$ cat final-v4.cif   # mmCIF, N, CA and C atoms
data_model
loop_
_atom_site.label_atom_id
_atom_site.label_comp_id
_atom_site.auth_asym_id
_atom_site.auth_seq_id
_atom_site.Cartn_x
_atom_site.Cartn_y
_atom_site.Cartn_z
N MET A 1 -20.18 25.37 -8.28
CA MET A 1 -19.59 24.05 -8.20
C MET A 1 -20.21 23.29 -7.04
N THR A 2 -20.64 22.06 -7.32
CA THR A 2 -21.18 21.23 -6.25
C THR A 2 -20.04 20.61 -5.46
N MET A 3 -20.40 19.96 -4.34
CA MET A 3 -19.37 19.29 -3.54
C MET A 3 -18.67 18.22 -4.37
N ILE A 4 -19.43 17.48 -5.17
CA ILE A 4 -18.84 16.43 -6.01
C ILE A 4 -17.87 17.05 -7.00
N ASP A 5 -18.28 18.15 -7.66
CA ASP A 5 -17.39 18.80 -8.62
C ASP A 5 -16.11 19.26 -7.94
N THR A 6 -16.23 19.79 -6.73
CA THR A 6 -15.05 20.22 -5.99
C THR A 6 -14.17 19.03 -5.66
N GLU A 7 -14.79 17.91 -5.27
CA GLU A 7 -14.01 16.72 -4.97
C GLU A 7 -13.31 16.21 -6.22
N VAL A 8 -13.98 16.25 -7.36
CA VAL A 8 -13.36 15.81 -8.60
C VAL A 8 -12.16 16.69 -8.93
N ALA A 9 -12.33 18.00 -8.79
CA ALA A 9 -11.21 18.89 -9.06
C ALA A 9 -10.05 18.60 -8.13
N ALA A 10 -10.36 18.29 -6.88
CA ALA A 10 -9.31 17.99 -5.91
C ALA A 10 -8.66 16.64 -6.20
N GLU A 11 -9.38 15.77 -6.93
CA GLU A 11 -8.86 14.45 -7.22
C GLU A 11 -8.22 14.36 -8.60
N ALA A 12 -7.89 15.50 -9.19
CA ALA A 12 -7.21 15.48 -10.48
C ALA A 12 -5.96 14.62 -10.35
N PRO A 13 -5.46 14.09 -11.43
CA PRO A 13 -4.33 13.17 -11.36
C PRO A 13 -3.12 13.80 -10.68
N VAL A 14 -3.00 13.59 -9.39
CA VAL A 14 -1.96 14.25 -8.61
C VAL A 14 -0.59 13.65 -8.83
N PHE A 15 -0.51 12.43 -9.30
CA PHE A 15 0.78 11.79 -9.49
C PHE A 15 1.22 11.79 -10.94
N ALA A 16 0.33 12.21 -11.84
CA ALA A 16 0.64 12.16 -13.26
C ALA A 16 1.78 13.10 -13.59
N THR A 17 2.70 12.59 -14.38
CA THR A 17 3.83 13.40 -14.84
C THR A 17 3.98 13.20 -16.34
N GLY A 18 4.78 14.02 -16.94
CA GLY A 18 5.05 13.85 -18.35
C GLY A 18 3.99 14.40 -19.26
N GLY A 19 3.08 15.20 -18.75
CA GLY A 19 2.14 15.91 -19.58
C GLY A 19 0.89 15.18 -19.98
N GLY A 20 0.86 13.89 -19.97
CA GLY A 20 -0.36 13.20 -20.33
C GLY A 20 -0.45 12.82 -21.79
N SER A 21 0.68 12.55 -22.44
CA SER A 21 0.61 12.06 -23.81
C SER A 21 -0.10 10.71 -23.80
N ARG A 22 -0.64 10.35 -24.92
CA ARG A 22 -1.33 9.06 -25.01
C ARG A 22 -0.39 7.92 -24.64
N ALA A 23 0.87 8.01 -25.05
CA ALA A 23 1.82 6.94 -24.74
C ALA A 23 2.09 6.85 -23.23
N SER A 24 2.28 8.00 -22.57
CA SER A 24 2.55 7.95 -21.13
C SER A 24 1.31 7.50 -20.37
N GLU A 25 0.14 7.90 -20.83
CA GLU A 25 -1.09 7.42 -20.20
C GLU A 25 -1.26 5.92 -20.41
N ALA A 26 -0.90 5.44 -21.58
CA ALA A 26 -1.01 4.00 -21.86
C ALA A 26 -0.08 3.22 -20.94
N VAL A 27 1.13 3.74 -20.72
CA VAL A 27 2.07 3.06 -19.82
C VAL A 27 1.52 3.06 -18.39
N ARG A 28 1.04 4.21 -17.94
CA ARG A 28 0.48 4.28 -16.58
C ARG A 28 -0.77 3.40 -16.48
N TYR A 29 -1.60 3.39 -17.52
CA TYR A 29 -2.79 2.53 -17.51
C TYR A 29 -2.38 1.07 -17.46
N PHE A 30 -1.33 0.72 -18.18
CA PHE A 30 -0.83 -0.65 -18.14
C PHE A 30 -0.40 -1.03 -16.72
N LEU A 31 0.34 -0.14 -16.06
CA LEU A 31 0.80 -0.42 -14.69
C LEU A 31 -0.38 -0.50 -13.72
N ALA A 32 -1.34 0.42 -13.86
CA ALA A 32 -2.53 0.39 -13.02
C ALA A 32 -3.34 -0.87 -13.30
N SER A 33 -3.42 -1.24 -14.56
CA SER A 33 -4.13 -2.47 -14.92
C SER A 33 -3.45 -3.69 -14.36
N ALA A 34 -2.11 -3.65 -14.32
CA ALA A 34 -1.38 -4.77 -13.74
C ALA A 34 -1.72 -4.93 -12.25
N ALA A 35 -1.84 -3.80 -11.55
CA ALA A 35 -2.22 -3.85 -10.12
C ALA A 35 -3.64 -4.40 -9.99
N ALA A 36 -4.56 -3.90 -10.83
CA ALA A 36 -5.94 -4.38 -10.78
C ALA A 36 -6.01 -5.86 -11.19
N LEU A 37 -5.21 -6.25 -12.16
CA LEU A 37 -5.16 -7.65 -12.58
C LEU A 37 -4.64 -8.54 -11.46
N ALA A 38 -3.64 -8.07 -10.74
CA ALA A 38 -3.10 -8.85 -9.62
C ALA A 38 -4.20 -9.09 -8.57
N LEU A 39 -4.96 -8.04 -8.27
CA LEU A 39 -6.07 -8.19 -7.34
C LEU A 39 -7.12 -9.14 -7.92
N ASP A 40 -7.49 -8.91 -9.17
CA ASP A 40 -8.49 -9.71 -9.86
C ASP A 40 -8.08 -11.19 -9.89
N ALA A 41 -6.85 -11.46 -10.35
CA ALA A 41 -6.40 -12.84 -10.48
C ALA A 41 -6.28 -13.52 -9.11
N SER A 42 -5.85 -12.78 -8.11
CA SER A 42 -5.75 -13.35 -6.76
C SER A 42 -7.12 -13.75 -6.24
N LEU A 43 -8.10 -12.87 -6.43
CA LEU A 43 -9.45 -13.18 -5.98
C LEU A 43 -10.07 -14.30 -6.81
N LEU A 44 -9.77 -14.34 -8.09
CA LEU A 44 -10.24 -15.43 -8.94
C LEU A 44 -9.68 -16.76 -8.44
N TRP A 45 -8.39 -16.81 -8.21
CA TRP A 45 -7.74 -18.02 -7.72
C TRP A 45 -8.34 -18.44 -6.38
N LEU A 46 -8.51 -17.49 -5.48
CA LEU A 46 -9.10 -17.78 -4.17
C LEU A 46 -10.51 -18.34 -4.33
N GLY A 47 -11.30 -17.69 -5.17
CA GLY A 47 -12.69 -18.12 -5.37
C GLY A 47 -12.79 -19.52 -5.94
N VAL A 48 -11.95 -19.85 -6.93
CA VAL A 48 -12.02 -21.15 -7.58
C VAL A 48 -11.37 -22.24 -6.73
N THR A 49 -10.16 -21.97 -6.24
CA THR A 49 -9.41 -23.04 -5.57
C THR A 49 -9.76 -23.21 -4.10
N ARG A 50 -10.11 -22.14 -3.42
CA ARG A 50 -10.38 -22.23 -1.98
C ARG A 50 -11.87 -22.26 -1.65
N LEU A 51 -12.66 -21.56 -2.43
CA LEU A 51 -14.10 -21.47 -2.14
C LEU A 51 -14.93 -22.37 -3.04
N GLY A 52 -14.32 -22.93 -4.08
CA GLY A 52 -15.03 -23.85 -4.96
C GLY A 52 -16.06 -23.20 -5.87
N LEU A 53 -15.90 -21.92 -6.16
CA LEU A 53 -16.84 -21.22 -7.02
C LEU A 53 -16.57 -21.55 -8.48
N PRO A 54 -17.59 -21.50 -9.34
CA PRO A 54 -17.34 -21.66 -10.78
C PRO A 54 -16.46 -20.51 -11.28
N ALA A 55 -15.61 -20.80 -12.25
CA ALA A 55 -14.66 -19.80 -12.75
C ALA A 55 -15.36 -18.55 -13.25
N TRP A 56 -16.50 -18.71 -13.94
CA TRP A 56 -17.19 -17.53 -14.48
C TRP A 56 -17.70 -16.64 -13.35
N PHE A 57 -18.20 -17.22 -12.27
CA PHE A 57 -18.72 -16.43 -11.16
C PHE A 57 -17.60 -15.78 -10.35
N ALA A 58 -16.59 -16.55 -10.04
CA ALA A 58 -15.43 -16.00 -9.33
C ALA A 58 -14.77 -14.91 -10.17
N GLY A 59 -14.73 -15.13 -11.49
CA GLY A 59 -14.14 -14.14 -12.39
C GLY A 59 -14.90 -12.83 -12.39
N ALA A 60 -16.22 -12.91 -12.39
CA ALA A 60 -17.03 -11.68 -12.37
C ALA A 60 -16.86 -10.92 -11.06
N THR A 61 -16.84 -11.64 -9.96
CA THR A 61 -16.66 -11.01 -8.65
C THR A 61 -15.28 -10.38 -8.53
N ALA A 62 -14.27 -11.11 -8.94
CA ALA A 62 -12.90 -10.60 -8.88
C ALA A 62 -12.73 -9.39 -9.80
N TYR A 63 -13.37 -9.44 -10.97
CA TYR A 63 -13.28 -8.33 -11.91
C TYR A 63 -13.88 -7.06 -11.31
N ALA A 64 -14.97 -7.20 -10.57
CA ALA A 64 -15.60 -6.04 -9.93
C ALA A 64 -14.65 -5.38 -8.93
N ALA A 65 -13.91 -6.16 -8.18
CA ALA A 65 -12.92 -5.61 -7.25
C ALA A 65 -11.82 -4.88 -8.01
N GLY A 66 -11.37 -5.47 -9.09
CA GLY A 66 -10.37 -4.82 -9.93
C GLY A 66 -10.88 -3.53 -10.54
N LEU A 67 -12.17 -3.50 -10.86
CA LEU A 67 -12.80 -2.29 -11.41
C LEU A 67 -12.67 -1.12 -10.44
N GLY A 68 -12.95 -1.36 -9.17
CA GLY A 68 -12.81 -0.30 -8.17
C GLY A 68 -11.39 0.22 -8.08
N LEU A 69 -10.43 -0.67 -8.11
CA LEU A 69 -9.04 -0.26 -8.03
C LEU A 69 -8.62 0.52 -9.27
N ILE A 70 -8.96 0.04 -10.45
CA ILE A 70 -8.54 0.73 -11.67
C ILE A 70 -9.19 2.10 -11.81
N TYR A 71 -10.42 2.26 -11.32
CA TYR A 71 -11.04 3.58 -11.37
C TYR A 71 -10.26 4.56 -10.50
N GLY A 72 -9.99 4.16 -9.28
CA GLY A 72 -9.24 5.04 -8.39
C GLY A 72 -7.88 5.43 -8.97
N LEU A 73 -7.18 4.48 -9.52
CA LEU A 73 -5.87 4.78 -10.12
C LEU A 73 -6.01 5.62 -11.38
N SER A 74 -7.06 5.37 -12.16
CA SER A 74 -7.26 6.12 -13.40
C SER A 74 -7.46 7.61 -13.13
N VAL A 75 -8.28 7.93 -12.14
CA VAL A 75 -8.56 9.35 -11.89
C VAL A 75 -7.47 10.02 -11.07
N ARG A 76 -6.69 9.26 -10.32
CA ARG A 76 -5.66 9.86 -9.47
C ARG A 76 -4.27 9.86 -10.11
N TRP A 77 -4.02 8.95 -11.04
CA TRP A 77 -2.65 8.79 -11.51
C TRP A 77 -2.51 8.62 -13.01
N VAL A 78 -3.43 7.94 -13.67
CA VAL A 78 -3.22 7.56 -15.06
C VAL A 78 -3.47 8.69 -16.04
N PHE A 79 -4.68 9.24 -16.03
CA PHE A 79 -5.08 10.16 -17.08
C PHE A 79 -4.90 11.61 -16.67
N ALA A 80 -4.40 12.42 -17.61
CA ALA A 80 -4.10 13.82 -17.33
C ALA A 80 -5.30 14.73 -17.51
N SER A 81 -6.32 14.28 -18.21
CA SER A 81 -7.51 15.11 -18.39
C SER A 81 -8.75 14.27 -18.19
N ARG A 82 -9.84 14.99 -17.90
CA ARG A 82 -11.11 14.32 -17.66
C ARG A 82 -12.18 15.06 -18.44
N ALA A 83 -13.03 14.31 -19.12
CA ALA A 83 -14.07 14.90 -19.95
C ALA A 83 -15.35 15.20 -19.17
N ILE A 84 -15.53 14.58 -18.03
CA ILE A 84 -16.76 14.73 -17.24
C ILE A 84 -16.39 15.23 -15.85
N SER A 85 -17.02 16.31 -15.43
CA SER A 85 -16.67 16.91 -14.14
C SER A 85 -17.45 16.32 -12.97
N ASP A 86 -18.56 15.65 -13.24
CA ASP A 86 -19.34 15.07 -12.16
C ASP A 86 -18.83 13.65 -11.87
N ALA A 87 -18.34 13.43 -10.65
CA ALA A 87 -17.73 12.15 -10.30
C ALA A 87 -18.72 10.99 -10.39
N ARG A 88 -19.97 11.22 -10.01
CA ARG A 88 -20.95 10.13 -10.08
C ARG A 88 -21.21 9.71 -11.51
N SER A 89 -21.37 10.68 -12.39
CA SER A 89 -21.59 10.36 -13.81
C SER A 89 -20.36 9.67 -14.39
N GLU A 90 -19.20 10.20 -14.04
CA GLU A 90 -17.96 9.63 -14.55
C GLU A 90 -17.82 8.17 -14.11
N PHE A 91 -18.05 7.90 -12.83
CA PHE A 91 -17.92 6.52 -12.35
C PHE A 91 -18.98 5.62 -12.98
N THR A 92 -20.19 6.13 -13.16
CA THR A 92 -21.24 5.33 -13.77
C THR A 92 -20.84 4.89 -15.18
N ILE A 93 -20.32 5.83 -15.95
CA ILE A 93 -19.88 5.50 -17.32
C ILE A 93 -18.66 4.58 -17.27
N PHE A 94 -17.71 4.89 -16.36
CA PHE A 94 -16.52 4.05 -16.19
C PHE A 94 -16.94 2.61 -15.89
N ALA A 95 -17.89 2.46 -14.96
CA ALA A 95 -18.36 1.13 -14.58
C ALA A 95 -19.11 0.46 -15.73
N ALA A 96 -19.91 1.22 -16.48
CA ALA A 96 -20.63 0.64 -17.62
C ALA A 96 -19.65 0.12 -18.66
N LEU A 97 -18.61 0.88 -18.92
CA LEU A 97 -17.57 0.41 -19.84
C LEU A 97 -16.89 -0.82 -19.25
N GLY A 98 -16.72 -0.82 -17.94
CA GLY A 98 -16.14 -1.97 -17.26
C GLY A 98 -17.02 -3.21 -17.35
N LEU A 99 -18.35 -3.00 -17.38
CA LEU A 99 -19.25 -4.14 -17.53
C LEU A 99 -19.07 -4.82 -18.89
N VAL A 100 -18.80 -4.01 -19.90
CA VAL A 100 -18.49 -4.58 -21.21
C VAL A 100 -17.21 -5.42 -21.09
N GLY A 101 -16.22 -4.84 -20.40
CA GLY A 101 -14.97 -5.59 -20.16
C GLY A 101 -15.21 -6.84 -19.34
N MET A 102 -16.09 -6.75 -18.34
CA MET A 102 -16.39 -7.92 -17.51
C MET A 102 -17.08 -9.00 -18.33
N ALA A 103 -17.96 -8.60 -19.24
CA ALA A 103 -18.62 -9.58 -20.11
C ALA A 103 -17.59 -10.27 -21.01
N LEU A 104 -16.66 -9.49 -21.55
CA LEU A 104 -15.58 -10.07 -22.35
C LEU A 104 -14.75 -11.03 -21.49
N ASN A 105 -14.43 -10.60 -20.25
CA ASN A 105 -13.64 -11.39 -19.32
C ASN A 105 -14.34 -12.71 -19.00
N SER A 106 -15.59 -12.63 -18.58
CA SER A 106 -16.32 -13.83 -18.19
C SER A 106 -16.55 -14.76 -19.38
N GLY A 107 -16.88 -14.17 -20.52
CA GLY A 107 -17.09 -14.99 -21.72
C GLY A 107 -15.81 -15.69 -22.14
N THR A 108 -14.70 -14.98 -22.09
CA THR A 108 -13.42 -15.58 -22.45
C THR A 108 -13.06 -16.69 -21.47
N LEU A 109 -13.26 -16.43 -20.17
CA LEU A 109 -12.97 -17.47 -19.17
C LEU A 109 -13.84 -18.71 -19.39
N TYR A 110 -15.10 -18.48 -19.68
CA TYR A 110 -16.02 -19.61 -19.90
C TYR A 110 -15.59 -20.44 -21.10
N VAL A 111 -15.36 -19.77 -22.22
CA VAL A 111 -14.98 -20.48 -23.44
C VAL A 111 -13.63 -21.16 -23.27
N ALA A 112 -12.66 -20.43 -22.72
CA ALA A 112 -11.31 -20.97 -22.61
C ALA A 112 -11.24 -22.16 -21.64
N THR A 113 -11.91 -22.04 -20.49
CA THR A 113 -11.88 -23.16 -19.54
C THR A 113 -12.70 -24.34 -20.06
N ALA A 114 -13.80 -24.06 -20.77
CA ALA A 114 -14.59 -25.15 -21.36
C ALA A 114 -13.80 -25.87 -22.45
N ALA A 115 -12.89 -25.14 -23.10
CA ALA A 115 -12.05 -25.74 -24.13
C ALA A 115 -10.85 -26.47 -23.53
N GLY A 116 -10.74 -26.41 -22.22
CA GLY A 116 -9.67 -27.16 -21.55
C GLY A 116 -8.41 -26.38 -21.25
N LEU A 117 -8.42 -25.07 -21.51
CA LEU A 117 -7.23 -24.28 -21.19
C LEU A 117 -7.09 -24.14 -19.68
N ALA A 118 -5.86 -24.10 -19.22
CA ALA A 118 -5.59 -23.90 -17.80
C ALA A 118 -6.07 -22.50 -17.40
N LEU A 119 -6.52 -22.37 -16.17
CA LEU A 119 -7.07 -21.11 -15.69
C LEU A 119 -6.08 -19.94 -15.85
N PRO A 120 -4.79 -20.08 -15.52
CA PRO A 120 -3.88 -18.93 -15.72
C PRO A 120 -3.79 -18.48 -17.19
N LEU A 121 -3.78 -19.42 -18.12
CA LEU A 121 -3.73 -19.06 -19.54
C LEU A 121 -5.04 -18.39 -19.96
N ALA A 122 -6.15 -18.95 -19.53
CA ALA A 122 -7.45 -18.35 -19.84
C ALA A 122 -7.54 -16.94 -19.29
N LYS A 123 -7.05 -16.74 -18.08
CA LYS A 123 -7.08 -15.40 -17.47
C LYS A 123 -6.15 -14.45 -18.23
N GLY A 124 -5.02 -14.91 -18.67
CA GLY A 124 -4.11 -14.06 -19.44
C GLY A 124 -4.73 -13.59 -20.74
N ILE A 125 -5.41 -14.49 -21.42
CA ILE A 125 -6.09 -14.13 -22.66
C ILE A 125 -7.20 -13.12 -22.40
N SER A 126 -8.00 -13.38 -21.37
CA SER A 126 -9.11 -12.46 -21.07
C SER A 126 -8.58 -11.10 -20.61
N ALA A 127 -7.48 -11.10 -19.90
CA ALA A 127 -6.89 -9.83 -19.44
C ALA A 127 -6.40 -8.99 -20.62
N ALA A 128 -5.78 -9.62 -21.59
CA ALA A 128 -5.28 -8.88 -22.76
C ALA A 128 -6.43 -8.25 -23.54
N ILE A 129 -7.48 -9.02 -23.75
CA ILE A 129 -8.64 -8.51 -24.48
C ILE A 129 -9.27 -7.35 -23.72
N GLY A 130 -9.44 -7.54 -22.41
CA GLY A 130 -10.04 -6.50 -21.58
C GLY A 130 -9.21 -5.23 -21.51
N PHE A 131 -7.88 -5.38 -21.43
CA PHE A 131 -7.00 -4.21 -21.36
C PHE A 131 -7.18 -3.31 -22.58
N VAL A 132 -7.10 -3.89 -23.74
CA VAL A 132 -7.21 -3.10 -24.98
C VAL A 132 -8.59 -2.44 -25.08
N ALA A 133 -9.63 -3.22 -24.86
CA ALA A 133 -10.99 -2.67 -24.96
C ALA A 133 -11.23 -1.56 -23.95
N ASN A 134 -10.80 -1.76 -22.72
CA ASN A 134 -11.03 -0.76 -21.68
C ASN A 134 -10.21 0.51 -21.88
N PHE A 135 -8.94 0.38 -22.24
CA PHE A 135 -8.13 1.58 -22.44
C PHE A 135 -8.69 2.44 -23.56
N ILE A 136 -8.99 1.83 -24.68
CA ILE A 136 -9.50 2.59 -25.83
C ILE A 136 -10.83 3.27 -25.49
N SER A 137 -11.76 2.52 -24.92
CA SER A 137 -13.07 3.11 -24.65
C SER A 137 -13.00 4.17 -23.55
N ARG A 138 -12.25 3.93 -22.50
CA ARG A 138 -12.18 4.90 -21.41
C ARG A 138 -11.43 6.15 -21.82
N LYS A 139 -10.37 6.01 -22.57
CA LYS A 139 -9.63 7.18 -23.04
C LYS A 139 -10.52 8.01 -23.95
N ALA A 140 -11.20 7.37 -24.87
CA ALA A 140 -12.02 8.10 -25.85
C ALA A 140 -13.23 8.79 -25.19
N ILE A 141 -13.86 8.11 -24.25
CA ILE A 141 -15.12 8.63 -23.70
C ILE A 141 -14.92 9.48 -22.44
N LEU A 142 -14.05 9.05 -21.55
CA LEU A 142 -13.95 9.70 -20.23
C LEU A 142 -12.72 10.57 -20.03
N PHE A 143 -11.63 10.23 -20.65
CA PHE A 143 -10.38 10.90 -20.31
C PHE A 143 -9.72 11.57 -21.50
N SER A 144 -10.56 12.11 -22.38
CA SER A 144 -10.06 12.87 -23.51
C SER A 144 -10.11 14.35 -23.18
N THR A 145 -9.34 15.11 -23.87
CA THR A 145 -9.35 16.57 -23.66
C THR A 145 -10.56 17.14 -24.35
N ARG A 146 -11.28 17.96 -23.60
CA ARG A 146 -12.44 18.63 -24.19
C ARG A 146 -11.98 19.89 -24.89
N ASP A 147 -12.57 20.16 -26.02
CA ASP A 147 -12.29 21.44 -26.70
C ASP A 147 -13.11 22.52 -26.02
N SER A 148 -12.46 23.61 -25.64
CA SER A 148 -13.18 24.71 -24.96
C SER A 148 -13.63 25.74 -25.94
#
$ encode --input "final-v4.cif" --output "structure tokens"
Amino acid sequence: MTMIDTEVAAEAPVFATGGGSRASEAVRYFLASAAALALDASLLWLGVTRLGLPAWFAGATAYAAGLGLIYGLSVRWVFASRAISDARSEFTIFAALGLVGMALNSGTLYVATAAGLALPLAKGISAAIGFVANFISRKAILFSTRDS
């Protein structure tokens, strides 16, 4: 076992309870996503209203911060099993899946704000789309039980 593998084993979901059914993981993922969304939306608001950044750029930057938070919560609290033992590989794939989510997020923000929707409504729509896409892809690829 490498140091990374040992760290991954030590970082198994220490707060997870209830066995890790898909429903309980979905609830925990929803709560973790809400925390990441709060960070994301706060940084988006700050970027647009205080720093004068375009919504698509502020949205991408804010989404990246939320990505870091959701990864930490996913491996420590949300998911009961992990399909990849190497933390670097796992994070790389997690982030790649997150980039797909970020593209959905930024594209939705661009289209919605260009169509005249208020930023909070546009963010709500993009968050819903991103939540579903990210949970399904991350559960299937990274946090599924491996057959031994």
$ closest_residue --input "final-v4.cif" --among "A:Thr49, A:Thr145, A:Thr92, A:Ser74" --to "Leu119 in chain A" --atoms "only C-alpha atoms"
A:Thr49
$ residues_near_point --input "final-v4.cif" --point "(-11.5, -14.5, -23.6)" --cutoff "7 Å" --atoms "only C-alpha atoms" --output "PyMOL selection string"
chain A and resi 104-105+107-109+111-112+122+125-126+129
$ closest_residue --input "final-v4.cif" --among "A:Asp86, A:Ala114, A:Asp40, A:Phe94" --to "Ala140 in chain A" --atoms "only C-alpha atoms"
A:Phe94
$ atom_distance --input "final-v4.cif" --atom1 "atom N of Phe91 in chain A" --atom2 "CA of Ser42 in chain A"
25.3 Å
$ atom_distance --input "final-v4.cif" --atom1 "atom C of Arg22 in chain A" --atom2 "atom N of Ala38 in chain A"
21.4 Å
$ closest_residue --input "final-v4.cif" --among "A:Arg28, A:Tyr110, A:Phe131, A:Ser144" --to "Trp77 in chain A" --atoms "all atoms listed in the file"
A:Arg28
$ atom_distance --input "final-v4.cif" --atom1 "atom C of Ala26 in chain A" --atom2 "CA of Ala127 in chain A"
14.8 Å
$ residues_around --input "final-v4.cif" --residues "Asn134 in chain A" --least-positions-apart "6" --cutoff "8 Å" --atoms "only C-alpha atoms" --output "PDB file with N, CA and C atoms, keeping the file's coordinate frame"
ATOM      1  N   LEU A  97     -18.610   0.880 -18.920  1.00  0.00           N
ATOM      2  CA  LEU A  97     -17.570   0.410 -19.840  1.00  0.00           C
ATOM      3  C   LEU A  97     -16.890  -0.820 -19.250  1.00  0.00           C
ATOM      4  N   GLY A  98     -16.720  -0.820 -17.940  1.00  0.00           N
ATOM      5  CA  GLY A  98     -16.140  -1.970 -17.260  1.00  0.00           C
ATOM      6  C   GLY A  98     -17.020  -3.210 -17.350  1.00  0.00           C
ATOM      7  N   GLY A 101     -16.220  -4.840 -20.400  1.00  0.00           N
ATOM      8  CA  GLY A 101     -14.970  -5.590 -20.160  1.00  0.00           C
ATOM      9  C   GLY A 101     -15.210  -6.840 -19.340  1.00  0.00           C
TER      10      GLY A 101
END
$ closest_residue --input "final-v4.cif" --among "A:Thr113, A:Tyr29, A:Ala34, A:Ser21" --to "Phe135 in chain A" --atoms "only N, CA and C atoms"
A:Tyr29
$ resolve_selection --input "final-v4.cif" --expression "the PyMOL selection byres ((chain A and resi 84) around 8)" --output "list in words"
Val8, Ser81, Arg82, Ala83, Ser85, Asp86, Ala87, Arg88, Ser89, Glu90, Ile141, Leu142, Phe143, Ser144 and Arg146 of chain A
$ select_by_dssp --input "final-v4.cif" --residues "chain A" --states "helix (DSSP H, G or I)" --output "ChimeraX atom specification"
/A:3-10,18-20,22-50,55-78,87-114,119-141
$ resolve_selection --input "final-v4.cif" --expression "the PyMOL selection byres (((chain A and resi 61 and name CA) around 12) and name CA)" --output "PyMOL selection string"
chain A and resi 39-48+53-60+62-68+99+102-103+105-106
$ build_atoms --input "final-v4.cif" --residues "range 71-76 of chain A" --atoms "all heavy atoms" --output "PDB file, in the frame of the given file"
ATOM      1  N   TYR A  71     -10.420   2.260 -11.320  1.00  0.00           N
ATOM      2  CA  TYR A  71     -11.040   3.580 -11.370  1.00  0.00           C
ATOM      3  C   TYR A  71     -10.260   4.560 -10.500  1.00  0.00           C
ATOM      4  O   TYR A  71      -9.919   5.659 -10.949  1.00  0.00           O
ATOM      5  CB  TYR A  71     -12.509   3.534 -10.915  1.00  0.00           C
ATOM      6  CG  TYR A  71     -13.120   4.924 -10.853  1.00  0.00           C
ATOM      7  CD1 TYR A  71     -13.442   5.601 -12.025  1.00  0.00           C
ATOM      8  CD2 TYR A  71     -13.325   5.566  -9.640  1.00  0.00           C
ATOM      9  CE1 TYR A  71     -13.968   6.888 -11.989  1.00  0.00           C
ATOM     10  CE2 TYR A  71     -13.862   6.854  -9.597  1.00  0.00           C
ATOM     11  CZ  TYR A  71     -14.173   7.501 -10.768  1.00  0.00           C
ATOM     12  OH  TYR A  71     -14.686   8.775 -10.732  1.00  0.00           O
ATOM     13  N   GLY A  72      -9.990   4.160  -9.280  1.00  0.00           N
ATOM     14  CA  GLY A  72      -9.240   5.040  -8.390  1.00  0.00           C
ATOM     15  C   GLY A  72      -7.880   5.430  -8.970  1.00  0.00           C
ATOM     16  O   GLY A  72      -7.490   6.601  -8.943  1.00  0.00           O
ATOM     17  N   LEU A  73      -7.180   4.480  -9.520  1.00  0.00           N
ATOM     18  CA  LEU A  73      -5.870   4.780 -10.120  1.00  0.00           C
ATOM     19  C   LEU A  73      -6.010   5.620 -11.380  1.00  0.00           C
ATOM     20  O   LEU A  73      -5.184   6.496 -11.646  1.00  0.00           O
ATOM     21  CB  LEU A  73      -5.125   3.474 -10.411  1.00  0.00           C
ATOM     22  CG  LEU A  73      -4.659   2.692  -9.186  1.00  0.00           C
ATOM     23  CD1 LEU A  73      -4.106   1.328  -9.597  1.00  0.00           C
ATOM     24  CD2 LEU A  73      -3.642   3.478  -8.372  1.00  0.00           C
ATOM     25  N   SER A  74      -7.060   5.370 -12.160  1.00  0.00           N
ATOM     26  CA  SER A  74      -7.260   6.120 -13.400  1.00  0.00           C
ATOM     27  C   SER A  74      -7.460   7.610 -13.130  1.00  0.00           C
ATOM     28  O   SER A  74      -6.901   8.450 -13.826  1.00  0.00           O
ATOM     29  CB  SER A  74      -8.458   5.575 -14.181  1.00  0.00           C
ATOM     30  OG  SER A  74      -8.154   4.313 -14.702  1.00  0.00           O
ATOM     31  N   VAL A  75      -8.280   7.930 -12.140  1.00  0.00           N
ATOM     32  CA  VAL A  75      -8.560   9.350 -11.890  1.00  0.00           C
ATOM     33  C   VAL A  75      -7.470  10.020 -11.070  1.00  0.00           C
ATOM     34  O   VAL A  75      -7.317  11.243 -11.134  1.00  0.00           O
ATOM     35  CB  VAL A  75      -9.940   9.566 -11.229  1.00  0.00           C
ATOM     36  CG1 VAL A  75     -11.053   9.055 -12.131  1.00  0.00           C
ATOM     37  CG2 VAL A  75     -10.028   8.936  -9.858  1.00  0.00           C
ATOM     38  N   ARG A  76      -6.690   9.260 -10.320  1.00  0.00           N
ATOM     39  CA  ARG A  76      -5.660   9.860  -9.470  1.00  0.00           C
ATOM     40  C   ARG A  76      -4.270   9.860 -10.110  1.00  0.00           C
ATOM     41  O   ARG A  76      -3.435  10.666  -9.720  1.00  0.00           O
ATOM     42  CB  ARG A  76      -5.564   9.114  -8.136  1.00  0.00           C
ATOM     43  CG  ARG A  76      -6.830   9.078  -7.350  1.00  0.00           C
ATOM     44  CD  ARG A  76      -7.171  10.342  -6.653  1.00  0.00           C
ATOM     45  NE  ARG A  76      -6.666  10.342  -5.300  1.00  0.00           N
ATOM     46  CZ  ARG A  76      -6.373  11.451  -4.663  1.00  0.00           C
ATOM     47  NH1 ARG A  76      -6.509  12.607  -5.241  1.00  0.00           N
ATOM     48  NH2 ARG A  76      -5.947  11.415  -3.439  1.00  0.00           N
TER      49      ARG A  76
END
